[in-house]
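Participant: Here you go, target.cif (mmCIF, N, CA and C atoms, pLDDT in the B column; chains and numbers go by the auth columns):
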data_data
loop_
_atom_site.group_PDB
_atom_site.id
_atom_site.type_symbol
_atom_site.label_atom_id
_atom_site.label_comp_id
_atom_site.label_asym_id
_atom_site.label_seq_id
_atom_site.Cartn_x
_atom_site.Cartn_y
_atom_site.Cartn_z
_atom_site.B_iso_or_equiv
_atom_site.auth_seq_id
_atom_site.auth_asym_id
ATOM 1 N N MET A 1 0.832 -1.169 0.000 57.00 1292 A
ATOM 2 C CA MET A 1 0.000 0.000 0.000 57.00 1292 A
ATOM 3 C C MET A 1 0.887 1.246 0.000 57.00 1292 A
ATOM 4 N N ILE A 2 0.617 2.158 -0.904 67.00 1293 A
ATOM 5 C CA ILE A 2 1.382 3.394 -1.010 67.00 1293 A
ATOM 6 C C ILE A 2 0.618 4.496 -0.280 67.00 1293 A
ATOM 7 N N ASN A 3 1.308 5.172 0.620 77.00 1294 A
ATOM 8 C CA ASN A 3 0.690 6.286 1.337 77.00 1294 A
ATOM 9 C C ASN A 3 0.859 7.569 0.543 77.00 1294 A
ATOM 10 N N SER A 4 -0.218 8.357 0.473 81.00 1295 A
ATOM 11 C CA SER A 4 -0.113 9.667 -0.171 81.00 1295 A
ATOM 12 C C SER A 4 0.468 10.658 0.819 81.00 1295 A
ATOM 13 N N PRO A 5 1.149 11.665 0.302 88.00 1296 A
ATOM 14 C CA PRO A 5 1.674 12.680 1.212 88.00 1296 A
ATOM 15 C C PRO A 5 0.529 13.464 1.857 88.00 1296 A
ATOM 16 N N ARG A 6 0.773 13.947 3.048 92.00 1297 A
ATOM 17 C CA ARG A 6 -0.226 14.747 3.762 92.00 1297 A
ATOM 18 C C ARG A 6 0.469 15.998 4.298 92.00 1297 A
ATOM 19 N N LEU A 7 -0.211 17.114 4.175 95.00 1298 A
ATOM 20 C CA LEU A 7 0.337 18.390 4.623 95.00 1298 A
ATOM 21 C C LEU A 7 -0.154 18.699 6.035 95.00 1298 A
ATOM 22 N N PHE A 8 0.779 18.906 6.953 96.00 1299 A
ATOM 23 C CA PHE A 8 0.464 19.327 8.316 96.00 1299 A
ATOM 24 C C PHE A 8 0.949 20.758 8.474 96.00 1299 A
ATOM 25 N N THR A 9 0.067 21.640 8.914 96.00 1300 A
ATOM 26 C CA THR A 9 0.430 23.028 9.137 96.00 1300 A
ATOM 27 C C THR A 9 0.121 23.368 10.592 96.00 1300 A
ATOM 28 N N VAL A 10 1.111 23.895 11.283 96.00 1301 A
ATOM 29 C CA VAL A 10 0.911 24.381 12.646 96.00 1301 A
ATOM 30 C C VAL A 10 1.185 25.871 12.601 96.00 1301 A
ATOM 31 N N SER A 11 0.190 26.642 12.952 93.00 1302 A
ATOM 32 C CA SER A 11 0.284 28.090 12.822 93.00 1302 A
ATOM 33 C C SER A 11 -0.294 28.752 14.073 93.00 1302 A
ATOM 34 N N ASN A 12 -0.010 30.032 14.230 92.00 1303 A
ATOM 35 C CA ASN A 12 -0.554 30.716 15.400 92.00 1303 A
ATOM 36 C C ASN A 12 -2.065 30.876 15.333 92.00 1303 A
ATOM 37 N N ARG A 13 -2.661 30.774 14.145 91.00 1304 A
ATOM 38 C CA ARG A 13 -4.127 30.821 14.030 91.00 1304 A
ATOM 39 C C ARG A 13 -4.591 30.011 12.839 91.00 1304 A
ATOM 40 N N LEU A 14 -5.869 29.717 12.854 94.00 1305 A
ATOM 41 C CA LEU A 14 -6.469 28.944 11.761 94.00 1305 A
ATOM 42 C C LEU A 14 -6.682 29.841 10.550 94.00 1305 A
ATOM 43 N N PRO A 15 -6.834 29.241 9.350 94.00 1306 A
ATOM 44 C CA PRO A 15 -7.018 30.040 8.136 94.00 1306 A
ATOM 45 C C PRO A 15 -8.466 30.478 7.929 94.00 1306 A
ATOM 46 N N VAL A 16 -9.242 30.500 8.999 93.00 1307 A
ATOM 47 C CA VAL A 16 -10.620 30.991 8.942 93.00 1307 A
ATOM 48 C C VAL A 16 -10.823 31.987 10.075 93.00 1307 A
ATOM 49 N N THR A 17 -11.758 32.890 9.858 90.00 1308 A
ATOM 50 C CA THR A 17 -12.191 33.799 10.902 90.00 1308 A
ATOM 51 C C THR A 17 -13.554 33.303 11.352 90.00 1308 A
ATOM 52 N N ILE A 18 -13.717 33.177 12.658 88.00 1309 A
ATOM 53 C CA ILE A 18 -14.959 32.664 13.206 88.00 1309 A
ATOM 54 C C ILE A 18 -15.716 33.825 13.815 88.00 1309 A
ATOM 55 N N GLY A 19 -16.889 34.072 13.287 81.00 1310 A
ATOM 56 C CA GLY A 19 -17.714 35.157 13.800 81.00 1310 A
ATOM 57 C C GLY A 19 -18.863 34.611 14.619 81.00 1310 A
ATOM 58 N N ALA A 20 -19.060 35.177 15.795 73.00 1311 A
ATOM 59 C CA ALA A 20 -20.173 34.756 16.639 73.00 1311 A
ATOM 60 C C ALA A 20 -21.464 35.390 16.119 73.00 1311 A
ATOM 61 N N GLU A 21 -22.512 34.594 16.111 75.00 1312 A
ATOM 62 C CA GLU A 21 -23.833 35.077 15.742 75.00 1312 A
ATOM 63 C C GLU A 21 -24.805 34.681 16.837 75.00 1312 A
ATOM 64 N N ARG A 22 -25.964 35.240 16.797 75.00 1313 A
ATOM 65 C CA ARG A 22 -26.961 34.953 17.831 75.00 1313 A
ATOM 66 C C ARG A 22 -27.249 33.464 17.918 75.00 1313 A
ATOM 67 N N ASP A 23 -27.319 32.799 16.774 75.00 1314 A
ATOM 68 C CA ASP A 23 -27.651 31.374 16.736 75.00 1314 A
ATOM 69 C C ASP A 23 -26.432 30.478 16.636 75.00 1314 A
ATOM 70 N N GLY A 24 -25.243 30.999 16.839 72.00 1315 A
ATOM 71 C CA GLY A 24 -24.052 30.164 16.751 72.00 1315 A
ATOM 72 C C GLY A 24 -22.846 30.903 16.240 72.00 1315 A
ATOM 73 N N PHE A 25 -22.424 30.566 15.022 79.00 1316 A
ATOM 74 C CA PHE A 25 -21.193 31.129 14.480 79.00 1316 A
ATOM 75 C C PHE A 25 -21.224 31.054 12.973 79.00 1316 A
ATOM 76 N N ILE A 26 -20.290 31.748 12.345 86.00 1317 A
ATOM 77 C CA ILE A 26 -20.115 31.699 10.894 86.00 1317 A
ATOM 78 C C ILE A 26 -18.615 31.667 10.615 86.00 1317 A
ATOM 79 N N LEU A 27 -18.225 30.909 9.598 89.00 1318 A
ATOM 80 C CA LEU A 27 -16.814 30.790 9.219 89.00 1318 A
ATOM 81 C C LEU A 27 -16.562 31.574 7.937 89.00 1318 A
ATOM 82 N N HIS A 28 -15.504 32.382 7.959 89.00 1319 A
ATOM 83 C CA HIS A 28 -15.070 33.130 6.775 89.00 1319 A
ATOM 84 C C HIS A 28 -13.634 32.735 6.486 89.00 1319 A
ATOM 85 N N GLN A 29 -13.341 32.422 5.229 88.00 1320 A
ATOM 86 C CA GLN A 29 -11.970 32.104 4.831 88.00 1320 A
ATOM 87 C C GLN A 29 -11.098 33.337 4.992 88.00 1320 A
ATOM 88 N N SER A 30 -9.977 33.209 5.663 86.00 1321 A
ATOM 89 C CA SER A 30 -9.047 34.330 5.836 86.00 1321 A
ATOM 90 C C SER A 30 -8.356 34.625 4.509 86.00 1321 A
ATOM 91 N N SER A 31 -7.966 35.875 4.337 82.00 1322 A
ATOM 92 C CA SER A 31 -7.280 36.245 3.104 82.00 1322 A
ATOM 93 C C SER A 31 -5.866 36.704 3.426 82.00 1322 A
ATOM 94 N N GLY A 32 -5.005 36.554 2.438 78.00 1323 A
ATOM 95 C CA GLY A 32 -3.632 37.018 2.582 78.00 1323 A
ATOM 96 C C GLY A 32 -2.715 36.026 3.265 78.00 1323 A
ATOM 97 N N GLY A 33 -1.440 36.227 3.049 87.00 1324 A
ATOM 98 C CA GLY A 33 -0.395 35.484 3.732 87.00 1324 A
ATOM 99 C C GLY A 33 -0.470 33.977 3.632 87.00 1324 A
ATOM 100 N N LEU A 34 -0.203 33.351 4.743 88.00 1325 A
ATOM 101 C CA LEU A 34 -0.110 31.896 4.819 88.00 1325 A
ATOM 102 C C LEU A 34 -1.417 31.214 4.445 88.00 1325 A
ATOM 103 N N ALA A 35 -2.538 31.767 4.903 89.00 1326 A
ATOM 104 C CA ALA A 35 -3.847 31.164 4.629 89.00 1326 A
ATOM 105 C C ALA A 35 -4.099 31.049 3.130 89.00 1326 A
ATOM 106 N N THR A 36 -3.816 32.090 2.404 90.00 1327 A
ATOM 107 C CA THR A 36 -4.029 32.078 0.952 90.00 1327 A
ATOM 108 C C THR A 36 -3.011 31.186 0.250 90.00 1327 A
ATOM 109 N N GLY A 37 -1.759 31.296 0.653 91.00 1328 A
ATOM 110 C CA GLY A 37 -0.688 30.530 0.007 91.00 1328 A
ATOM 111 C C GLY A 37 -0.831 29.026 0.157 91.00 1328 A
ATOM 112 N N LEU A 38 -1.390 28.574 1.272 92.00 1329 A
ATOM 113 C CA LEU A 38 -1.489 27.130 1.515 92.00 1329 A
ATOM 114 C C LEU A 38 -2.886 26.559 1.276 92.00 1329 A
ATOM 115 N N ARG A 39 -3.821 27.384 0.844 91.00 1330 A
ATOM 116 C CA ARG A 39 -5.194 26.910 0.612 91.00 1330 A
ATOM 117 C C ARG A 39 -5.238 25.740 -0.371 91.00 1330 A
ATOM 118 N N GLY A 40 -4.583 25.880 -1.514 92.00 1331 A
ATOM 119 C CA GLY A 40 -4.570 24.811 -2.521 92.00 1331 A
ATOM 120 C C GLY A 40 -3.878 23.551 -2.031 92.00 1331 A
ATOM 121 N N PRO A 41 -2.647 23.656 -1.552 92.00 1332 A
ATOM 122 C CA PRO A 41 -1.970 22.465 -1.043 92.00 1332 A
ATOM 123 C C PRO A 41 -2.719 21.801 0.120 92.00 1332 A
ATOM 124 N N HIS A 42 -3.362 22.608 0.966 94.00 1333 A
ATOM 125 C CA HIS A 42 -4.139 22.052 2.087 94.00 1333 A
ATOM 126 C C HIS A 42 -5.237 21.127 1.559 94.00 1333 A
ATOM 127 N N ARG A 43 -5.922 21.576 0.516 92.00 1334 A
ATOM 128 C CA ARG A 43 -6.994 20.754 -0.087 92.00 1334 A
ATOM 129 C C ARG A 43 -6.419 19.533 -0.819 92.00 1334 A
ATOM 130 N N GLN A 44 -5.381 19.748 -1.603 93.00 1335 A
ATOM 131 C CA GLN A 44 -4.833 18.687 -2.449 93.00 1335 A
ATOM 132 C C GLN A 44 -4.141 17.583 -1.664 93.00 1335 A
ATOM 133 N N LEU A 45 -3.579 17.933 -0.515 93.00 1336 A
ATOM 134 C CA LEU A 45 -2.770 16.971 0.231 93.00 1336 A
ATOM 135 C C LEU A 45 -3.427 16.537 1.545 93.00 1336 A
ATOM 136 N N ASP A 46 -4.765 16.548 1.567 93.00 1337 A
ATOM 137 C CA ASP A 46 -5.497 16.108 2.766 93.00 1337 A
ATOM 138 C C ASP A 46 -4.933 16.799 3.999 93.00 1337 A
ATOM 139 N N GLY A 47 -4.838 18.124 3.923 95.00 1338 A
ATOM 140 C CA GLY A 47 -4.183 18.906 4.960 95.00 1338 A
ATOM 141 C C GLY A 47 -4.837 18.855 6.324 95.00 1338 A
ATOM 142 N N LEU A 48 -4.025 19.018 7.327 97.00 1339 A
ATOM 143 C CA LEU A 48 -4.467 19.171 8.707 97.00 1339 A
ATOM 144 C C LEU A 48 -3.800 20.438 9.227 97.00 1339 A
ATOM 145 N N TRP A 49 -4.601 21.424 9.588 96.00 1340 A
ATOM 146 C CA TRP A 49 -4.095 22.722 10.013 96.00 1340 A
ATOM 147 C C TRP A 49 -4.447 22.901 11.485 96.00 1340 A
ATOM 148 N N ILE A 50 -3.430 23.126 12.298 97.00 1341 A
ATOM 149 C CA ILE A 50 -3.612 23.279 13.737 97.00 1341 A
ATOM 150 C C ILE A 50 -3.295 24.721 14.099 97.00 1341 A
ATOM 151 N N GLY A 51 -4.207 25.384 14.811 95.00 1342 A
ATOM 152 C CA GLY A 51 -3.984 26.765 15.190 95.00 1342 A
ATOM 153 C C GLY A 51 -5.056 27.288 16.127 95.00 1342 A
ATOM 154 N N TRP A 52 -4.859 28.506 16.578 93.00 1343 A
ATOM 155 C CA TRP A 52 -5.797 29.159 17.482 93.00 1343 A
ATOM 156 C C TRP A 52 -7.038 29.584 16.710 93.00 1343 A
ATOM 157 N N PRO A 53 -8.237 29.295 17.227 89.00 1344 A
ATOM 158 C CA PRO A 53 -9.453 29.657 16.516 89.00 1344 A
ATOM 159 C C PRO A 53 -9.925 31.079 16.781 89.00 1344 A
ATOM 160 N N GLY A 54 -9.300 31.754 17.702 87.00 1345 A
ATOM 161 C CA GLY A 54 -9.770 33.081 18.101 87.00 1345 A
ATOM 162 C C GLY A 54 -10.525 32.981 19.423 87.00 1345 A
ATOM 163 N N GLU A 55 -10.997 34.101 19.900 85.00 1346 A
ATOM 164 C CA GLU A 55 -11.715 34.155 21.167 85.00 1346 A
ATOM 165 C C GLU A 55 -13.114 33.551 21.005 85.00 1346 A
ATOM 166 N N LEU A 56 -13.379 32.483 21.737 82.00 1347 A
ATOM 167 C CA LEU A 56 -14.655 31.779 21.610 82.00 1347 A
ATOM 168 C C LEU A 56 -15.399 31.654 22.929 82.00 1347 A
ATOM 169 N N SER A 57 -15.039 32.462 23.908 81.00 1348 A
ATOM 170 C CA SER A 57 -15.660 32.319 25.226 81.00 1348 A
ATOM 171 C C SER A 57 -17.161 32.602 25.209 81.00 1348 A
ATOM 172 N N SER A 58 -17.656 33.275 24.175 78.00 1349 A
ATOM 173 C CA SER A 58 -19.094 33.561 24.097 78.00 1349 A
ATOM 174 C C SER A 58 -19.905 32.338 23.661 78.00 1349 A
ATOM 175 N N LEU A 59 -19.226 31.297 23.165 80.00 1350 A
ATOM 176 C CA LEU A 59 -19.935 30.079 22.741 80.00 1350 A
ATOM 177 C C LEU A 59 -20.039 29.103 23.903 80.00 1350 A
ATOM 178 N N ASP A 60 -21.242 28.545 24.104 82.00 1351 A
ATOM 179 C CA ASP A 60 -21.380 27.531 25.147 82.00 1351 A
ATOM 180 C C ASP A 60 -20.743 26.226 24.677 82.00 1351 A
ATOM 181 N N SER A 61 -20.668 25.241 25.553 86.00 1352 A
ATOM 182 C CA SER A 61 -19.929 24.008 25.242 86.00 1352 A
ATOM 183 C C SER A 61 -20.531 23.253 24.067 86.00 1352 A
ATOM 184 N N SER A 62 -21.859 23.263 23.899 88.00 1353 A
ATOM 185 C CA SER A 62 -22.441 22.554 22.761 88.00 1353 A
ATOM 186 C C SER A 62 -22.110 23.251 21.450 88.00 1353 A
ATOM 187 N N ARG A 63 -22.072 24.589 21.449 86.00 1354 A
ATOM 188 C CA ARG A 63 -21.694 25.337 20.238 86.00 1354 A
ATOM 189 C C ARG A 63 -20.213 25.141 19.930 86.00 1354 A
ATOM 190 N N GLN A 64 -19.387 25.073 20.974 87.00 1355 A
ATOM 191 C CA GLN A 64 -17.962 24.824 20.755 87.00 1355 A
ATOM 192 C C GLN A 64 -17.740 23.446 20.146 87.00 1355 A
ATOM 193 N N ALA A 65 -18.521 22.454 20.583 90.00 1356 A
ATOM 194 C CA ALA A 65 -18.419 21.108 20.008 90.00 1356 A
ATOM 195 C C ALA A 65 -18.881 21.117 18.553 90.00 1356 A
ATOM 196 N N GLU A 66 -19.952 21.859 18.274 90.00 1357 A
ATOM 197 C CA GLU A 66 -20.441 21.984 16.892 90.00 1357 A
ATOM 198 C C GLU A 66 -19.390 22.652 16.011 90.00 1357 A
ATOM 199 N N LEU A 67 -18.758 23.692 16.545 91.00 1358 A
ATOM 200 C CA LEU A 67 -17.706 24.384 15.797 91.00 1358 A
ATOM 201 C C LEU A 67 -16.534 23.454 15.524 91.00 1358 A
ATOM 202 N N ALA A 68 -16.107 22.701 16.530 93.00 1359 A
ATOM 203 C CA ALA A 68 -14.989 21.760 16.351 93.00 1359 A
ATOM 204 C C ALA A 68 -15.303 20.766 15.243 93.00 1359 A
ATOM 205 N N SER A 69 -16.551 20.320 15.175 94.00 1360 A
ATOM 206 C CA SER A 69 -16.968 19.385 14.122 94.00 1360 A
ATOM 207 C C SER A 69 -16.902 20.037 12.746 94.00 1360 A
ATOM 208 N N LYS A 70 -17.408 21.272 12.635 92.00 1361 A
ATOM 209 C CA LYS A 70 -17.359 21.998 11.354 92.00 1361 A
ATOM 210 C C LYS A 70 -15.926 22.262 10.912 92.00 1361 A
ATOM 211 N N LEU A 71 -15.067 22.593 11.868 95.00 1362 A
ATOM 212 C CA LEU A 71 -13.662 22.819 11.544 95.00 1362 A
ATOM 213 C C LEU A 71 -12.995 21.526 11.080 95.00 1362 A
ATOM 214 N N ALA A 72 -13.313 20.419 11.749 96.00 1363 A
ATOM 215 C CA ALA A 72 -12.730 19.123 11.388 96.00 1363 A
ATOM 216 C C ALA A 72 -13.096 18.739 9.947 96.00 1363 A
ATOM 217 N N GLU A 73 -14.305 19.106 9.502 94.00 1364 A
ATOM 218 C CA GLU A 73 -14.704 18.835 8.124 94.00 1364 A
ATOM 219 C C GLU A 73 -13.784 19.534 7.134 94.00 1364 A
ATOM 220 N N ARG A 74 -13.174 20.626 7.547 95.00 1365 A
ATOM 221 C CA ARG A 74 -12.249 21.388 6.698 95.00 1365 A
ATOM 222 C C ARG A 74 -10.790 21.055 6.972 95.00 1365 A
ATOM 223 N N GLY A 75 -10.542 20.082 7.835 96.00 1366 A
ATOM 224 C CA GLY A 75 -9.162 19.711 8.162 96.00 1366 A
ATOM 225 C C GLY A 75 -8.497 20.703 9.095 96.00 1366 A
ATOM 226 N N LEU A 76 -9.310 21.347 9.957 97.00 1367 A
ATOM 227 C CA LEU A 76 -8.808 22.359 10.876 97.00 1367 A
ATOM 228 C C LEU A 76 -8.999 21.895 12.313 97.00 1367 A
ATOM 229 N N VAL A 77 -7.980 22.100 13.138 96.00 1368 A
ATOM 230 C CA VAL A 77 -8.024 21.677 14.537 96.00 1368 A
ATOM 231 C C VAL A 77 -7.668 22.862 15.426 96.00 1368 A
ATOM 232 N N PRO A 78 -8.627 23.288 16.273 92.00 1369 A
ATOM 233 C CA PRO A 78 -8.316 24.402 17.180 92.00 1369 A
ATOM 234 C C PRO A 78 -7.423 23.958 18.331 92.00 1369 A
#
How does this structure look as structure tokens?

Facilitator:
Amino acid sequence: MINSPRLFTVSNRLPVTIGAERDGFILHQSSGGLATGLRGPHRQLDGLWIGWPGELSSLDSSRQAELASKLAERGLVP
């Protein structure tokens, strides 16, 4: 079995901006710098990006779990 290469990125923050909303949150793709430069390789190489998600203290534990799940779908780990 041949393993495909996988891209691991560890950064001070995730390549998304998480905005709090009344009913939860919304994810916006960050622009510029590392986020833009690695967007393609992240997708092509089954990327895993580890970084700070931003201030999330306004989200209760169930919303934080929902957010973690949505981030995981994009290969992002807070």

Participant: Go through chain A and collect every residue that DSSP, computed from the backbone, puts in helix (DSSP H, G or I); the answer should be as a ChimeraX atom specification.

Facilitator: /A:1324-1335,1352-1364

Participant: Could you pull out the strand (DSSP E) residues of chain A, going by DSSP on the backbone, and write them as a list in words?

Facilitator: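 Matching residues, listed in order: Phe1299, Thr1300, Val1301, Ser1302, Asn1303, Arg1304, Val1307, Thr1308, Ile1309, Gly1310, Ala1311, Glu1312, Gly1315, Phe1316, Ile1317, Leu1318, His1319, Gln1320, Leu1339, Trp1340, Ile1341, Gly1342, Trp1343, Leu1367 and Val1368 of chain A.
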
Participant: Would you work out the distance separating atom C of Ile1317 in chain A from atom N of Ile1341 in chain A, expressed in Å to one decimal?

Facilitator: 17.5 Å

Participant: Can you list, as a PyMOL selection string, every protein, DNA or RNA residue that comes within 12 Å of Asn1303 in chain A when you count only C-alpha atoms, leaving out same-chain residues fewer than 6 positions away?

Facilitator: chain A and resi 1325-1326+1340-1345+1368-1369

Participant: Carefully work through the PyMOL selection byres ((chain A and resi 1299) around 7) for this structure and note down the residues it includes, as a list of chain:residue names.

Facilitator: A:Arg1297, A:Leu1298, A:Thr1300, A:Val1301, A:Asp1337, A:Gly1338, A:Leu1339, A:Trp1340, A:Ile1341

Participant: Next, dump the selected residues to file, keeping only N, CA and C atoms, as a PDB file, in the coordinates of the input.

Facilitator:
ATOM      1  N   ARG A1297       0.773  13.947   3.048  1.00 92.00           N
ATOM      2  CA  ARG A1297      -0.226  14.747   3.762  1.00 92.00           C
ATOM      3  C   ARG A1297       0.469  15.998   4.298  1.00 92.00           C
ATOM      4  N   LEU A1298      -0.211  17.114   4.175  1.00 95.00           N
ATOM      5  CA  LEU A1298       0.337  18.390   4.623  1.00 95.00           C
ATOM      6  C   LEU A1298      -0.154  18.699   6.035  1.00 95.00           C
ATOM      7  N   THR A1300       0.067  21.640   8.914  1.00 96.00           N
ATOM      8  CA  THR A1300       0.430  23.028   9.137  1.00 96.00           C
ATOM      9  C   THR A1300       0.121  23.368  10.592  1.00 96.00           C
ATOM     10  N   VAL A1301       1.111  23.895  11.283  1.00 96.00           N
ATOM     11  CA  VAL A1301       0.911  24.381  12.646  1.00 96.00           C
ATOM     12  C   VAL A1301       1.185  25.871  12.601  1.00 96.00           C
ATOM     13  N   ASP A1337      -4.765  16.548   1.567  1.00 93.00           N
ATOM     14  CA  ASP A1337      -5.497  16.108   2.766  1.00 93.00           C
ATOM     15  C   ASP A1337      -4.933  16.799   3.999  1.00 93.00           C
ATOM     16  N   GLY A1338      -4.838  18.124   3.923  1.00 95.00           N
ATOM     17  CA  GLY A1338      -4.183  18.906   4.960  1.00 95.00           C
ATOM     18  C   GLY A1338      -4.837  18.855   6.324  1.00 95.00           C
ATOM     19  N   LEU A1339      -4.025  19.018   7.327  1.00 97.00           N
ATOM     20  CA  LEU A1339      -4.467  19.171   8.707  1.00 97.00           C
ATOM     21  C   LEU A1339      -3.800  20.438   9.227  1.00 97.00           C
ATOM     22  N   TRP A1340      -4.601  21.424   9.588  1.00 96.00           N
ATOM     23  CA  TRP A1340      -4.095  22.722  10.013  1.00 96.00           C
ATOM     24  C   TRP A1340      -4.447  22.901  11.485  1.00 96.00           C
ATOM     25  N   ILE A1341      -3.430  23.126  12.298  1.00 97.00           N
ATOM     26  CA  ILE A1341      -3.612  23.279  13.737  1.00 97.00           C
ATOM     27  C   ILE A1341      -3.295  24.721  14.099  1.00 97.00           C
TER      28      ILE A1341
END

Participant: Could you tell me how far atom N of Thr1327 in chain A lies from CA of Ser1352 in chain A, in Å and to one decimal?

Facilitator: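 Distance between the two atoms: 29.1 Å.
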
Participant: As a check of understanding, name the residues that the PyMOL selection byres (((chain A and resi 1359 and name CA) around 12) and name CA) selects in the supplied structure, as a list in words.

Facilitator: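 With the shown file as input, the PyMOL selection byres (((chain A and resi 1359 and name CA) around 12) and name CA) matches Ile1309, Phe1316, Leu1318, Ile1341, Trp1343, Pro1344, Leu1347, Leu1350, Ser1352, Ser1353, Arg1354, Gln1355, Ala1356, Glu1357, Leu1358, Ser1360, Lys1361, Leu1362, Ala1363, Glu1364, Arg1365, Gly1366, Leu1367, Val1368 and Pro1369 of chain A.
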
Participant: Would you put the residues from that selection into a file with N, CA and C atoms, as a CSV table (one decimal), in the frame of the given file?

Facilitator:
chain,number,residue,atom,x,y,z
A,1309,ILE,N,-13.7,33.2,12.7
A,1309,ILE,CA,-15.0,32.7,13.2
A,1309,ILE,C,-15.7,33.8,13.8
A,1316,PHE,N,-22.4,30.6,15.0
A,1316,PHE,CA,-21.2,31.1,14.5
A,1316,PHE,C,-21.2,31.1,13.0
A,1318,LEU,N,-18.2,30.9,9.6
A,1318,LEU,CA,-16.8,30.8,9.2
A,1318,LEU,C,-16.6,31.6,7.9
A,1341,ILE,N,-3.4,23.1,12.3
A,1341,ILE,CA,-3.6,23.3,13.7
A,1341,ILE,C,-3.3,24.7,14.1
A,1343,TRP,N,-4.9,28.5,16.6
A,1343,TRP,CA,-5.8,29.2,17.5
A,1343,TRP,C,-7.0,29.6,16.7
A,1344,PRO,N,-8.2,29.3,17.2
A,1344,PRO,CA,-9.5,29.7,16.5
A,1344,PRO,C,-9.9,31.1,16.8
A,1347,LEU,N,-13.4,32.5,21.7
A,1347,LEU,CA,-14.7,31.8,21.6
A,1347,LEU,C,-15.4,31.7,22.9
A,1350,LEU,N,-19.2,31.3,23.2
A,1350,LEU,CA,-19.9,30.1,22.7
A,1350,LEU,C,-20.0,29.1,23.9
A,1352,SER,N,-20.7,25.2,25.6
A,1352,SER,CA,-19.9,24.0,25.2
A,1352,SER,C,-20.5,23.3,24.1
A,1353,SER,N,-21.9,23.3,23.9
A,1353,SER,CA,-22.4,22.6,22.8
A,1353,SER,C,-22.1,23.3,21.4
A,1354,ARG,N,-22.1,24.6,21.4
A,1354,ARG,CA,-21.7,25.3,20.2
A,1354,ARG,C,-20.2,25.1,19.9
A,1355,GLN,N,-19.4,25.1,21.0
A,1355,GLN,CA,-18.0,24.8,20.8
A,1355,GLN,C,-17.7,23.4,20.1
A,1356,ALA,N,-18.5,22.5,20.6
A,1356,ALA,CA,-18.4,21.1,20.0
A,1356,ALA,C,-18.9,21.1,18.6
A,1357,GLU,N,-20.0,21.9,18.3
A,1357,GLU,CA,-20.4,22.0,16.9
A,1357,GLU,C,-19.4,22.7,16.0
A,1358,LEU,N,-18.8,23.7,16.5
A,1358,LEU,CA,-17.7,24.4,15.8
A,1358,LEU,C,-16.5,23.5,15.5
A,1360,SER,N,-16.6,20.3,15.2
A,1360,SER,CA,-17.0,19.4,14.1
A,1360,SER,C,-16.9,20.0,12.7
A,1361,LYS,N,-17.4,21.3,12.6
A,1361,LYS,CA,-17.4,22.0,11.4
A,1361,LYS,C,-15.9,22.3,10.9
A,1362,LEU,N,-15.1,22.6,11.9
A,1362,LEU,CA,-13.7,22.8,11.5
A,1362,LEU,C,-13.0,21.5,11.1
A,1363,ALA,N,-13.3,20.4,11.7
A,1363,ALA,CA,-12.7,19.1,11.4
A,1363,ALA,C,-13.1,18.7,9.9
A,1364,GLU,N,-14.3,19.1,9.5
A,1364,GLU,CA,-14.7,18.8,8.1
A,1364,GLU,C,-13.8,19.5,7.1
A,1365,ARG,N,-13.2,20.6,7.5
A,1365,ARG,CA,-12.2,21.4,6.7
A,1365,ARG,C,-10.8,21.1,7.0
A,1366,GLY,N,-10.5,20.1,7.8
A,1366,GLY,CA,-9.2,19.7,8.2
A,1366,GLY,C,-8.5,20.7,9.1
A,1367,LEU,N,-9.3,21.3,10.0
A,1367,LEU,CA,-8.8,22.4,10.9
A,1367,LEU,C,-9.0,21.9,12.3
A,1368,VAL,N,-8.0,22.1,13.1
A,1368,VAL,CA,-8.0,21.7,14.5
A,1368,VAL,C,-7.7,22.9,15.4
A,1369,PRO,N,-8.6,23.3,16.3
A,1369,PRO,CA,-8.3,24.4,17.2
A,1369,PRO,C,-7.4,24.0,18.3

Participant: Work out how far CA of Gly1324 in chain A is from CA of Gly1310 in chain A, in Å to one decimal.

Facilitator: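 About the pair CA of Gly1310 in chain A and CA of Gly1324 in chain A: they are 20.0 Å apart.
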
Participant: List the residues selected by the PyMOL selection byres ((chain A and resi 1307) around 6) in the file shown, writing them as JSON, numbers by chain.

Facilitator: {"A": [1305, 1306, 1308, 1309, 1319, 1320, 1321]}

Participant: Choose the residue, out of A:Ser1302, A:Ser1349, A:Asn1294, A:Gln1335, that has the smallest atom-to-atom separation from Gly1315 in chain A; count only C-alpha atoms.

Facilitator: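 Closest candidate: A:Ser1349.
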